[in-house]
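Dropping coords-v7.pdb in here (PDB, C-alpha atoms):
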MODEL        1
ATOM      1  CA  MET F   1     -16.229   6.402   3.699
ATOM      2  CA  GLN F   2     -16.060   6.212  -0.083
ATOM      3  CA  PHE F   3     -13.282   3.613   0.064
ATOM      4  CA  PRO F   4     -15.502   0.732   1.313
ATOM      5  CA  LEU F   5     -18.129   1.635  -1.311
ATOM      6  CA  LEU F   6     -15.601   1.753  -4.158
ATOM      7  CA  GLY F   7     -14.008  -1.445  -2.875
ATOM      8  CA  SER F   8     -17.397  -3.161  -2.807
ATOM      9  CA  ALA F   9     -18.161  -2.059  -6.364
ATOM     10  CA  SER F  10     -14.789  -3.324  -7.620
ATOM     11  CA  LEU F  11     -15.130  -6.600  -5.738
ATOM     12  CA  PHE F  12     -18.625  -7.268  -7.049
ATOM     13  CA  GLY F  13     -17.502  -6.327 -10.571
ATOM     14  CA  LEU F  14     -14.756  -8.965 -10.430
ATOM     15  CA  TYR F  15     -17.202 -11.507  -9.035
ATOM     16  CA  THR F  16     -19.608 -10.814 -11.901
ATOM     17  CA  ALA F  17     -16.791 -11.127 -14.449
ATOM     18  CA  PHE F  18     -15.754 -14.530 -13.122
ATOM     19  CA  LYS F  19     -19.344 -15.705 -12.944
ATOM     20  CA  TYR F  20     -20.500 -14.725 -16.449
ATOM     21  CA  PHE F  21     -17.290 -14.754 -18.523
ATOM     22  CA  ASP F  22     -14.582 -17.285 -19.222
ATOM     23  CA  LYS F  23     -12.357 -17.534 -16.143
ATOM     24  CA  ASP F  24      -9.131 -17.988 -18.129
ATOM     25  CA  THR F  25      -9.850 -14.936 -20.309
ATOM     26  CA  VAL F  26     -10.588 -12.757 -17.282
ATOM     27  CA  ASN F  27      -7.392 -13.934 -15.579
ATOM     28  CA  LEU F  28      -5.386 -13.278 -18.757
ATOM     29  CA  ILE F  29      -6.591  -9.668 -18.932
ATOM     30  CA  ILE F  30      -5.973  -9.130 -15.226
ATOM     31  CA  SER F  31      -2.523 -10.759 -15.446
ATOM     32  CA  VAL F  32      -1.463  -8.400 -18.243
ATOM     33  CA  TYR F  33      -2.663  -5.436 -16.196
ATOM     34  CA  PHE F  34      -0.888  -6.553 -13.018
ATOM     35  CA  CYS F  35       2.349  -7.274 -14.887
ATOM     36  CA  LEU F  36       2.367  -3.733 -16.298
ATOM     37  CA  VAL F  37       1.536  -2.142 -12.947
ATOM     38  CA  GLY F  38       3.936  -4.525 -11.213
ATOM     39  CA  LEU F  39       6.678  -3.380 -13.568
ATOM     40  CA  ALA F  40       6.355   0.132 -12.164
ATOM     41  CA  ALA F  41       6.085  -1.098  -8.554
ATOM     42  CA  LEU F  42       9.157  -3.325  -8.848
ATOM     43  CA  THR F  43      11.206  -0.540 -10.447
ATOM     44  CA  ALA F  44      10.163   2.007  -7.819
ATOM     45  CA  THR F  45      10.993  -0.439  -5.022
ATOM     46  CA  PHE F  46      14.325  -1.854  -6.153
ATOM     47  CA  GLY F  47      15.721   1.282  -7.863
ATOM     48  CA  PRO F  48      16.470   3.096  -4.576
ATOM     49  CA  VAL F  49      17.823  -0.157  -3.080
ATOM     50  CA  LEU F  50      20.341  -0.541  -5.903
ATOM     51  CA  GLU F  51      21.276   3.132  -5.665
ATOM     52  CA  SER F  52      21.958   2.962  -1.920
ATOM     53  CA  LEU F  53      23.816  -0.362  -1.910
ATOM     54  CA  GLY F  54      25.618  -0.256  -5.264
ATOM     55  CA  PRO F  55      28.625   1.741  -6.512
ATOM     56  CA  LYS F  56      28.437   5.505  -6.932
ATOM     57  CA  PHE F  57      27.933   5.452 -10.707
ATOM     58  CA  LEU F  58      24.435   4.028 -10.114
ATOM     59  CA  SER F  59      23.472   7.439  -8.702
ATOM     60  CA  ILE F  60      24.159   9.247 -11.986
ATOM     61  CA  GLU F  61      20.883  10.885 -13.007
ATOM     62  CA  PHE F  62      19.325  11.570 -16.390
ATOM     63  CA  SER F  63      16.575  14.077 -17.090
ATOM     64  CA  LYS F  64      14.499  14.734 -20.193
ATOM     65  CA  HIS F  65      11.531  17.120 -20.402
ATOM     66  CA  VAL F  66       9.445  17.981 -23.461
ATOM     67  CA  GLN F  67       6.343  20.047 -24.176
ATOM     68  CA  ILE F  68       3.736  18.830 -26.654
ATOM     69  CA  LYS F  69       1.008  21.127 -27.919
ATOM     70  CA  HIS F  70      -2.413  19.604 -28.493
ATOM     71  CA  PRO F  71      -5.634  20.866 -30.144
ATOM     72  CA  LEU F  72      -7.984  19.232 -27.630
ATOM     73  CA  PRO F  73     -10.431  21.297 -25.569
ATOM     74  CA  LYS F  74      -9.232  22.102 -22.077
ATOM     75  CA  PHE F  75     -11.936  20.000 -20.404
ATOM     76  CA  ILE F  76     -10.698  16.932 -22.331
ATOM     77  CA  GLY F  77      -6.947  17.339 -22.756
ATOM     78  CA  GLY F  78      -6.175  19.813 -20.017
ATOM     79  CA  GLU F  79      -3.727  22.671 -20.386
ATOM     80  CA  SER F  80      -1.721  22.954 -23.597
ATOM     81  CA  PRO F  81       1.116  22.156 -24.019
ATOM     82  CA  TRP F  82       1.414  18.862 -22.223
ATOM     83  CA  LYS F  83       4.520  18.818 -20.064
ATOM     84  CA  ILE F  84       6.122  15.372 -20.141
ATOM     85  CA  GLY F  85       9.310  14.601 -18.274
ATOM     86  CA  VAL F  86      11.434  11.651 -17.219
ATOM     87  CA  ASP F  87      13.895  11.771 -14.324
ATOM     88  CA  CYS F  88      15.812   8.602 -13.549
ATOM     89  CA  SER F  89      19.181   7.271 -12.447
ATOM     90  CA  VAL F  90      21.341   4.422 -13.679
ATOM     91  CA  ALA F  91      19.957   2.356 -10.786
ATOM     92  CA  ASP F  92      16.389   3.026 -11.978
ATOM     93  CA  ILE F  93      17.282   1.876 -15.509
ATOM     94  CA  LEU F  94      18.866  -1.347 -14.220
ATOM     95  CA  ALA F  95      15.904  -1.934 -11.898
ATOM     96  CA  PHE F  96      13.520  -1.420 -14.820
ATOM     97  CA  MET F  97      15.399  -3.945 -16.966
ATOM     98  CA  GLY F  98      15.348  -6.474 -14.138
ATOM     99  CA  SER F  99      11.657  -5.783 -13.521
ATOM    100  CA  VAL F 100      10.825  -6.478 -17.176
ATOM    101  CA  THR F 101      12.509  -9.878 -16.930
ATOM    102  CA  PHE F 102      10.853 -10.604 -13.576
ATOM    103  CA  SER F 103       7.368  -9.669 -14.852
ATOM    104  CA  ALA F 104       7.811 -11.769 -18.009
ATOM    105  CA  VAL F 105       8.851 -14.843 -16.017
ATOM    106  CA  TYR F 106       5.999 -14.308 -13.554
ATOM    107  CA  PHE F 107       3.484 -14.016 -16.416
ATOM    108  CA  GLN F 108       4.641 -17.395 -17.726
ATOM    109  CA  THR F 109       5.057 -19.319 -14.461
ATOM    110  CA  LYS F 110       2.804 -17.582 -11.886
ATOM    111  CA  HIS F 111       5.084 -19.001  -9.191
ATOM    112  CA  TRP F 112       3.862 -18.215  -5.679
ATOM    113  CA  THR F 113       7.197 -16.733  -4.549
ATOM    114  CA  MET F 114       7.219 -14.266  -7.472
ATOM    115  CA  ASN F 115       3.569 -13.485  -6.711
ATOM    116  CA  ASN F 116       4.577 -12.596  -3.145
ATOM    117  CA  VAL F 117       7.488 -10.384  -4.238
ATOM    118  CA  MET F 118       5.235  -8.409  -6.549
ATOM    119  CA  GLY F 119       2.491  -8.216  -3.911
ATOM    120  CA  ILE F 120       4.917  -6.911  -1.276
ATOM    121  CA  CYS F 121       6.129  -4.248  -3.742
ATOM    122  CA  PHE F 122       2.506  -3.156  -4.252
ATOM    123  CA  CYS F 123       2.105  -2.869  -0.477
ATOM    124  CA  LEU F 124       5.310  -0.858  -0.018
ATOM    125  CA  GLN F 125       4.484   1.570  -2.804
ATOM    126  CA  GLY F 126       0.898   2.007  -1.628
ATOM    127  CA  ILE F 127       1.869   2.746   1.967
ATOM    128  CA  GLU F 128       4.675   5.060   0.849
ATOM    129  CA  ARG F 129       2.552   7.146  -1.523
ATOM    130  CA  PHE F 130      -0.751   7.387   0.370
ATOM    131  CA  SER F 131      -1.432   9.374   3.525
ATOM    132  CA  LEU F 132      -4.598   9.338   5.629
ATOM    133  CA  GLY F 133      -3.999  12.891   6.871
ATOM    134  CA  THR F 134      -5.402  12.535  10.380
ATOM    135  CA  TYR F 135      -5.872   9.833  12.990
ATOM    136  CA  LYS F 136      -9.640  10.342  12.915
ATOM    137  CA  ILE F 137      -9.796   9.656   9.177
ATOM    138  CA  GLY F 138      -7.739   6.513   9.703
ATOM    139  CA  ALA F 139     -10.032   5.310  12.485
ATOM    140  CA  ILE F 140     -13.171   5.970  10.396
ATOM    141  CA  LEU F 141     -11.646   4.145   7.424
ATOM    142  CA  LEU F 142     -10.774   1.120   9.562
ATOM    143  CA  VAL F 143     -14.259   0.976  11.059
ATOM    144  CA  GLY F 144     -15.865   1.198   7.600
ATOM    145  CA  LEU F 145     -13.655  -1.572   6.234
ATOM    146  CA  PHE F 146     -14.309  -3.621   9.371
ATOM    147  CA  PHE F 147     -17.974  -3.955   8.389
ATOM    148  CA  TYR F 148     -17.059  -4.225   4.690
ATOM    149  CA  ASP F 149     -14.879  -7.282   5.329
ATOM    150  CA  ILE F 150     -17.417  -8.977   7.595
ATOM    151  CA  PHE F 151     -20.254  -8.520   5.096
ATOM    152  CA  TRP F 152     -18.403  -9.763   2.005
ATOM    153  CA  VAL F 153     -16.833 -12.785   3.766
ATOM    154  CA  PHE F 154     -19.619 -13.961   6.082
ATOM    155  CA  GLY F 155     -22.644 -12.496   4.296
ATOM    156  CA  THR F 156     -21.875 -13.588   0.724
ATOM    157  CA  GLU F 157     -19.621 -15.877  -1.296
ATOM    158  CA  VAL F 158     -18.216 -12.916  -3.265
ATOM    159  CA  MET F 159     -14.952 -12.284  -1.393
ATOM    160  CA  VAL F 160     -13.896 -15.943  -1.149
ATOM    161  CA  THR F 161     -14.838 -16.635  -4.785
ATOM    162  CA  VAL F 162     -12.811 -13.698  -6.118
ATOM    163  CA  ALA F 163      -9.819 -14.470  -3.872
ATOM    164  CA  LYS F 164      -9.690 -18.090  -5.037
ATOM    165  CA  SER F 165     -10.473 -17.403  -8.714
ATOM    166  CA  LEU F 166      -8.268 -14.380  -9.366
ATOM    167  CA  ASP F 167      -4.798 -15.490 -10.411
ATOM    168  CA  GLY F 168      -2.799 -12.371  -9.642
ATOM    169  CA  PRO F 169      -0.645 -10.666  -6.989
ATOM    170  CA  ILE F 170      -3.575  -9.373  -4.927
ATOM    171  CA  LYS F 171      -2.711 -11.751  -2.109
ATOM    172  CA  ILE F 172       0.296 -13.179  -0.276
ATOM    173  CA  LEU F 173       0.435 -16.968  -0.610
ATOM    174  CA  PHE F 174       1.682 -19.406   2.047
ATOM    175  CA  PRO F 175       2.092 -23.110   1.202
ATOM    176  CA  ARG F 176       0.362 -25.364   3.717
ATOM    177  CA  SER F 177       2.686 -28.199   2.744
ATOM    178  CA  LEU F 178       5.773 -28.572   0.595
ATOM    179  CA  THR F 179       4.311 -31.750  -0.897
ATOM    180  CA  PRO F 180       2.119 -31.143  -3.981
ATOM    181  CA  ASP F 181      -1.446 -32.431  -3.989
ATOM    182  CA  PRO F 182      -1.409 -35.793  -5.855
ATOM    183  CA  THR F 183      -4.633 -34.999  -7.735
ATOM    184  CA  THR F 184      -3.796 -31.478  -8.948
ATOM    185  CA  GLY F 185      -0.001 -31.526  -8.766
ATOM    186  CA  LYS F 186      -0.085 -28.128  -7.037
ATOM    187  CA  LEU F 187       0.749 -26.965  -3.537
ATOM    188  CA  GLU F 188      -2.149 -26.206  -1.218
ATOM    189  CA  MET F 189      -2.022 -22.526  -0.331
ATOM    190  CA  SER F 190      -3.288 -20.258   2.415
ATOM    191  CA  LEU F 191      -3.650 -16.616   1.470
ATOM    192  CA  LEU F 192      -3.631 -13.151   2.994
ATOM    193  CA  GLY F 193      -5.185 -10.355   0.940
ATOM    194  CA  LEU F 194      -3.053  -7.288   0.262
ATOM    195  CA  GLY F 195      -5.816  -5.135   1.734
ATOM    196  CA  ASP F 196      -5.196  -6.784   5.098
ATOM    197  CA  ILE F 197      -1.617  -5.488   4.892
ATOM    198  CA  VAL F 198      -2.025  -2.126   3.162
ATOM    199  CA  ILE F 199      -5.009  -0.750   5.095
ATOM    200  CA  PRO F 200      -3.483  -1.345   8.555
ATOM    201  CA  GLY F 201      -0.190  -0.187   7.008
ATOM    202  CA  PHE F 202      -1.736   3.220   6.236
ATOM    203  CA  PHE F 203      -2.821   3.427   9.871
ATOM    204  CA  LEU F 204       0.574   2.404  11.258
ATOM    205  CA  ALA F 205       2.286   4.912   8.962
ATOM    206  CA  ILE F 206       0.296   7.834  10.346
ATOM    207  CA  LEU F 207       1.038   6.644  13.906
ATOM    208  CA  LEU F 208       4.746   6.580  13.051
ATOM    209  CA  ARG F 209       4.517  10.159  11.786
ATOM    210  CA  PHE F 210       2.608  11.112  14.942
ATOM    211  CA  ASP F 211       5.483   9.647  16.966
ATOM    212  CA  ALA F 212       7.846  11.863  14.977
ATOM    213  CA  HIS F 213       5.569  14.855  15.624
ATOM    214  CA  ILE F 214       5.536  14.206  19.385
ATOM    215  CA  ALA F 215       9.335  13.875  19.339
ATOM    216  CA  ASN F 216       9.621  17.223  17.441
ATOM    217  CA  VAL F 217      11.343  15.624  14.464
ATOM    218  CA  PRO F 218      11.201  18.233  11.645
ATOM    219  CA  TYR F 219       8.906  17.359   8.762
ATOM    220  CA  PHE F 220      10.890  19.436   6.277
ATOM    221  CA  PRO F 221      13.569  18.593   5.322
ATOM    222  CA  THR F 222      12.743  14.929   5.941
ATOM    223  CA  ASN F 223      15.357  12.691   7.561
ATOM    224  CA  CYS F 224      14.171   9.111   7.116
ATOM    225  CA  HIS F 225      17.056   7.839   9.276
ATOM    226  CA  ALA F 226      16.204   9.990  12.308
ATOM    227  CA  SER F 227      16.069   8.090  15.592
ATOM    228  CA  PHE F 228      13.209   8.869  17.993
ATOM    229  CA  PRO F 229      10.840   7.051  20.407
ATOM    230  CA  LYS F 230       8.006   5.210  18.611
ATOM    231  CA  PRO F 231       5.485   4.152  21.294
ATOM    232  CA  TYR F 232       2.393   4.476  19.086
ATOM    233  CA  PHE F 233       3.921   2.694  16.120
ATOM    234  CA  HIS F 234       5.272  -0.172  18.220
ATOM    235  CA  SER F 235       2.038  -0.629  20.161
ATOM    236  CA  ALA F 236      -0.064  -0.704  16.977
ATOM    237  CA  LEU F 237       2.443  -3.035  15.305
ATOM    238  CA  LEU F 238       2.172  -5.392  18.271
ATOM    239  CA  GLY F 239      -1.613  -5.153  18.026
ATOM    240  CA  TYR F 240      -1.437  -5.997  14.313
ATOM    241  CA  VAL F 241       0.697  -9.085  14.980
ATOM    242  CA  ILE F 242      -1.713 -10.251  17.706
ATOM    243  CA  GLY F 243      -4.712  -9.634  15.431
ATOM    244  CA  LEU F 244      -3.112 -11.531  12.544
ATOM    245  CA  ALA F 245      -2.176 -14.443  14.819
ATOM    246  CA  THR F 246      -5.767 -14.540  16.074
ATOM    247  CA  THR F 247      -7.035 -14.619  12.475
ATOM    248  CA  LEU F 248      -4.795 -17.584  11.622
ATOM    249  CA  TYR F 249      -5.761 -19.415  14.814
ATOM    250  CA  VAL F 250      -9.513 -19.043  14.215
ATOM    251  CA  MET F 251      -9.106 -19.977  10.542
ATOM    252  CA  ILE F 252      -7.240 -23.183  11.442
ATOM    253  CA  VAL F 253      -9.602 -24.160  14.262
ATOM    254  CA  PHE F 254     -12.845 -23.592  12.330
ATOM    255  CA  GLU F 255     -11.367 -24.521   8.918
ATOM    256  CA  ALA F 256     -13.156 -21.598   7.261
ATOM    257  CA  ALA F 257     -12.173 -18.313   5.610
ATOM    258  CA  GLN F 258     -11.980 -15.415   8.054
ATOM    259  CA  PRO F 259     -12.258 -11.636   7.450
ATOM    260  CA  ALA F 260      -8.856 -10.579   8.775
ATOM    261  CA  LEU F 261     -10.004  -7.008   9.426
ATOM    262  CA  LEU F 262     -12.505  -8.403  11.930
ATOM    263  CA  TYR F 263      -9.507  -9.004  14.199
ATOM    264  CA  LEU F 264      -6.971  -6.478  12.878
ATOM    265  CA  VAL F 265      -9.144  -3.365  13.207
ATOM    266  CA  PRO F 266      -9.985  -3.777  16.940
ATOM    267  CA  ALA F 267      -6.358  -4.747  17.635
ATOM    268  CA  CYS F 268      -4.860  -1.701  15.894
ATOM    269  CA  LEU F 269      -7.420   0.802  17.201
ATOM    270  CA  SER F 270      -7.431  -0.454  20.787
ATOM    271  CA  SER F 271      -3.629  -0.614  21.013
ATOM    272  CA  SER F 272      -3.167   2.957  19.749
ATOM    273  CA  LEU F 273      -5.949   4.338  21.952
ATOM    274  CA  LEU F 274      -4.602   2.483  24.987
ATOM    275  CA  CYS F 275      -1.135   3.900  24.332
ATOM    276  CA  ALA F 276      -2.570   7.429  24.084
ATOM    277  CA  ALA F 277      -4.616   6.964  27.260
ATOM    278  CA  VAL F 278      -1.603   5.714  29.238
ATOM    279  CA  ARG F 279       0.528   8.626  27.985
ATOM    280  CA  GLY F 280      -2.249  11.183  28.508
ATOM    281  CA  GLU F 281      -2.186  12.244  24.839
ATOM    282  CA  LEU F 282      -5.660  11.361  23.604
ATOM    283  CA  LYS F 283      -6.429  14.983  22.717
ATOM    284  CA  GLU F 284      -3.171  15.411  20.804
ATOM    285  CA  LEU F 285      -3.764  12.150  18.918
ATOM    286  CA  PHE F 286      -7.263  13.117  17.757
ATOM    287  CA  GLU F 287      -6.188  16.670  16.864
ATOM    288  CA  TYR F 288      -3.097  15.602  14.892
ATOM    289  CA  SER F 289      -3.183  16.608  11.217
ATOM    290  CA  GLU F 290      -0.419  15.979   8.717
ATOM    291  CA  GLU F 291      -1.695  18.672   6.357
ATOM    292  CA  GLU F 292      -1.284  21.463   8.914
ATOM    293  CA  GLU F 293       2.165  20.224   9.966
ATOM    294  CA  GLU F 294       3.338  19.994   6.366
ATOM    295  CA  GLU F 295       2.120  23.515   5.575
ATOM    296  CA  GLU F 296       3.793  24.952   8.676
ATOM    297  CA  GLU F 297       7.120  23.256   7.938
ATOM    298  CA  GLU F 298       7.049  24.344   4.294
ATOM    299  CA  ASP F 299       6.347  27.933   5.358
ATOM    300  CA  VAL F 300       9.293  27.820   7.761
ATOM    301  CA  GLY F 301      11.486  26.372   5.019
ATOM    302  CA  ALA F 302      10.423  29.079   2.580
ATOM    303  CA  GLU F 303      11.141  31.801   5.157
ATOM    304  CA  LYS F 304      14.626  30.419   5.787
ATOM    305  CA  LYS F 305      15.364  30.319   2.074
ATOM    306  CA  GLY F 306      14.114  33.914   1.718
ATOM    307  CA  GLU F 307      16.331  35.073   4.569
ATOM    308  CA  GLN F 308      19.322  33.272   3.109
ATOM    309  CA  SER F 309      18.766  34.836  -0.336
ATOM    310  CA  LYS F 310      18.598  38.310   1.247
ATOM    311  CA  LYS F 311      21.885  37.680   3.025
ATOM    312  CA  ASP F 312      23.471  36.565  -0.239
ATOM    313  CA  ASP F 313      22.281  39.734  -1.961
TER     314      ASP F 313
ENDMDL
END
Show me, as structure tokens, the structure contained in the file I just sent.
Amino acid sequence: MQFPLLGSASLFGLYTAFKYFDKDTVNLIISVYFCLVGLAALTATFGPVLESLGPKFLSIEFSKHVQIKHPLPKFIGGESPWKIGVDCSVADILAFMGSVTFSAVYFQTKHWTMNNVMGICFCLQGIERFSLGTYKIGAILLVGLFFYDIFWVFGTEVMVTVAKSLDGPIKILFPRSLTPDPTTGKLEMSLLGLGDIVIPGFFLAILLRFDAHIANVPYFPTNCHASFPKPYFHSALLGYVIGLATTLYVMIVFEAAQPALLYLVPACLSSSLLCAAVRGELKELFEYSEEEEEEEEEDVGAEKKGEQSKKDD
């Protein structure tokens, strides 16, 4: 439950910054930060794509590791020496060069399509690198953020003010019309916050891994191309689409900002629970833990390696 509290603190901090400091200065600082972070997200996203689709020489890897001794106390600098390493391929280097150009152009133009590309990369990297661990943790997180979204959108002006004031890839932009507004010269935009994509994405990811668990797909070694039934993932994905469509419908009808999680959370939770109830797997769903499965698979993998080394000897 710390996530809604930390999110609230960050949100209110941004609101305070926009309220008491120069808006352009705040956006400049945030833009520099997002361009640097976006550089890493773009490289991490498009590097593997280039490597898989391009010629074989893009898979050539380079590795450099160094150790640097430091005089700092352990509680400040950690263990000495610092171990610093870089592992990359030709595809990663090309992706990094392209990402530098992309980030520089985005910093200058702030075009909505480039904003969306960078935002989608943030979503992909976040969902890929973060795991909820268990279904129960995911459900608790969704419920906490359900009330978080309702409070900050309906209870205060904070969420809407930050979303409209912050000029950065924290939202996906959709033009309402292809004709610019005659007074401002800009397109009118609708927006969807990245949190409304990433948070349900975490939940759908754990349901996908639960599908793999039910289908006895081995966790280690991982085969990302394995084919197996995905009833929980598909049901929750359908629920997400219905919840998002409901959000857009209510927003258009009432012509007011809507907390998307107000509709997405019940849709995702109810669809996954209904799927488990129909399949008679409610107990298995609530008892599922990625940590235990990962430890078991790693132990099995270590045992197999030990047996193989004994045979070789």
Go through the shown structure with the PyMOL selection byres ((chain F and resi 115) around 9) and write out the matching residues as JSON, numbers by chain.
{"F": [106, 110, 111, 112, 113, 114, 116, 117, 118, 119, 120, 168, 169, 170, 171, 172, 173]}
Quick one, how far is CA of Val26 (chain F) from CA of Leu261 (chain F)?
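Going from CA of Val26 (chain F) over to CA of Leu261 (chain F) covers 27.3 Å.
Selection by the PyMOL selection byres ((chain F and resi 226-243) around 6) on the present file picks out F:Leu204, F:Leu207, F:Leu208, F:Asp211, F:Asn223, F:Cys224, F:His225, F:Leu244, F:Ala245, F:Thr246, F:Tyr263, F:Leu264, F:Ala267, F:Cys268, F:Ser271, F:Ser272.
The spacing separating CA of Ile30 (chain F) from CA of Val162 (chain F) amounts to 12.3 Å.
Of note, CA of Ala104 (chain F) and CA of Arg129 (chain F) are spaced 25.6 Å apart.
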Measuring between all atoms listed in the file, which one of F:Ala41, F:Glu157, F:Val198, F:Leu142 shows the shortest distance to Phe102 (chain F)?
F:Ala41
So which residues get picked by the PyMOL selection byres ((chain F and resi 48) around 10) here, written as a list of chain:residue names?
F:Thr43, F:Ala44, F:Thr45, F:Phe46, F:Gly47, F:Val49, F:Leu50, F:Glu51, F:Ser52, F:Leu53, F:Gly54, F:Leu58, F:Ser59, F:Ser89, F:Ala91, F:Asp92, F:Ala95
Selected residue of minimal separation from Pro175 (chain F) among F:Glu188, F:Ala163, F:Phe154, F:Pro218, counting all atoms listed in the file:
F:Glu188
List the spatial neighbours of Gly201 (chain F) as a ChimeraX atom specification - criterion: any atom at most 9 Å away, only C-alpha atoms, same-chain residues fewer than 5 positions off excluded.
/F:123-124,126-127,196,206
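Among the candidate residues F:Ala277, F:Ile140, F:Ala257, F:Leu94, the one lying nearest to Lys164 (chain F) is F:Ala257, with distances computed using all atoms listed in the file.
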Test item: axis-aligned box, all listed atoms of region 234-241 of chain F, 8 Å on each side, centre and edges in Å rounded to one decimal, as JSON:
{"center_x": 1.8, "center_y": -4.6, "center_z": 17.2, "size_x": 22.9, "size_y": 24.9, "size_z": 21.8}
Which polymer residues have any atom within 12 Å of an atom of Glu79 (chain F), counting only C-alpha atoms, with same-chain residues fewer than 3 positions away left out, as a short mmCIF file (atom, residue, chain, number, x, y, z; two decimals) with C-alpha atoms, keeping the file's coordinate frame?
data_model
loop_
_atom_site.label_atom_id
_atom_site.label_comp_id
_atom_site.auth_asym_id
_atom_site.auth_seq_id
_atom_site.Cartn_x
_atom_site.Cartn_y
_atom_site.Cartn_z
CA GLN F 67 6.34 20.05 -24.18
CA ILE F 68 3.74 18.83 -26.65
CA LYS F 69 1.01 21.13 -27.92
CA HIS F 70 -2.41 19.60 -28.49
CA PRO F 71 -5.63 20.87 -30.14
CA LEU F 72 -7.98 19.23 -27.63
CA PRO F 73 -10.43 21.30 -25.57
CA LYS F 74 -9.23 22.10 -22.08
CA PHE F 75 -11.94 20.00 -20.40
CA ILE F 76 -10.70 16.93 -22.33
CA TRP F 82 1.41 18.86 -22.22
CA LYS F 83 4.52 18.82 -20.06
#
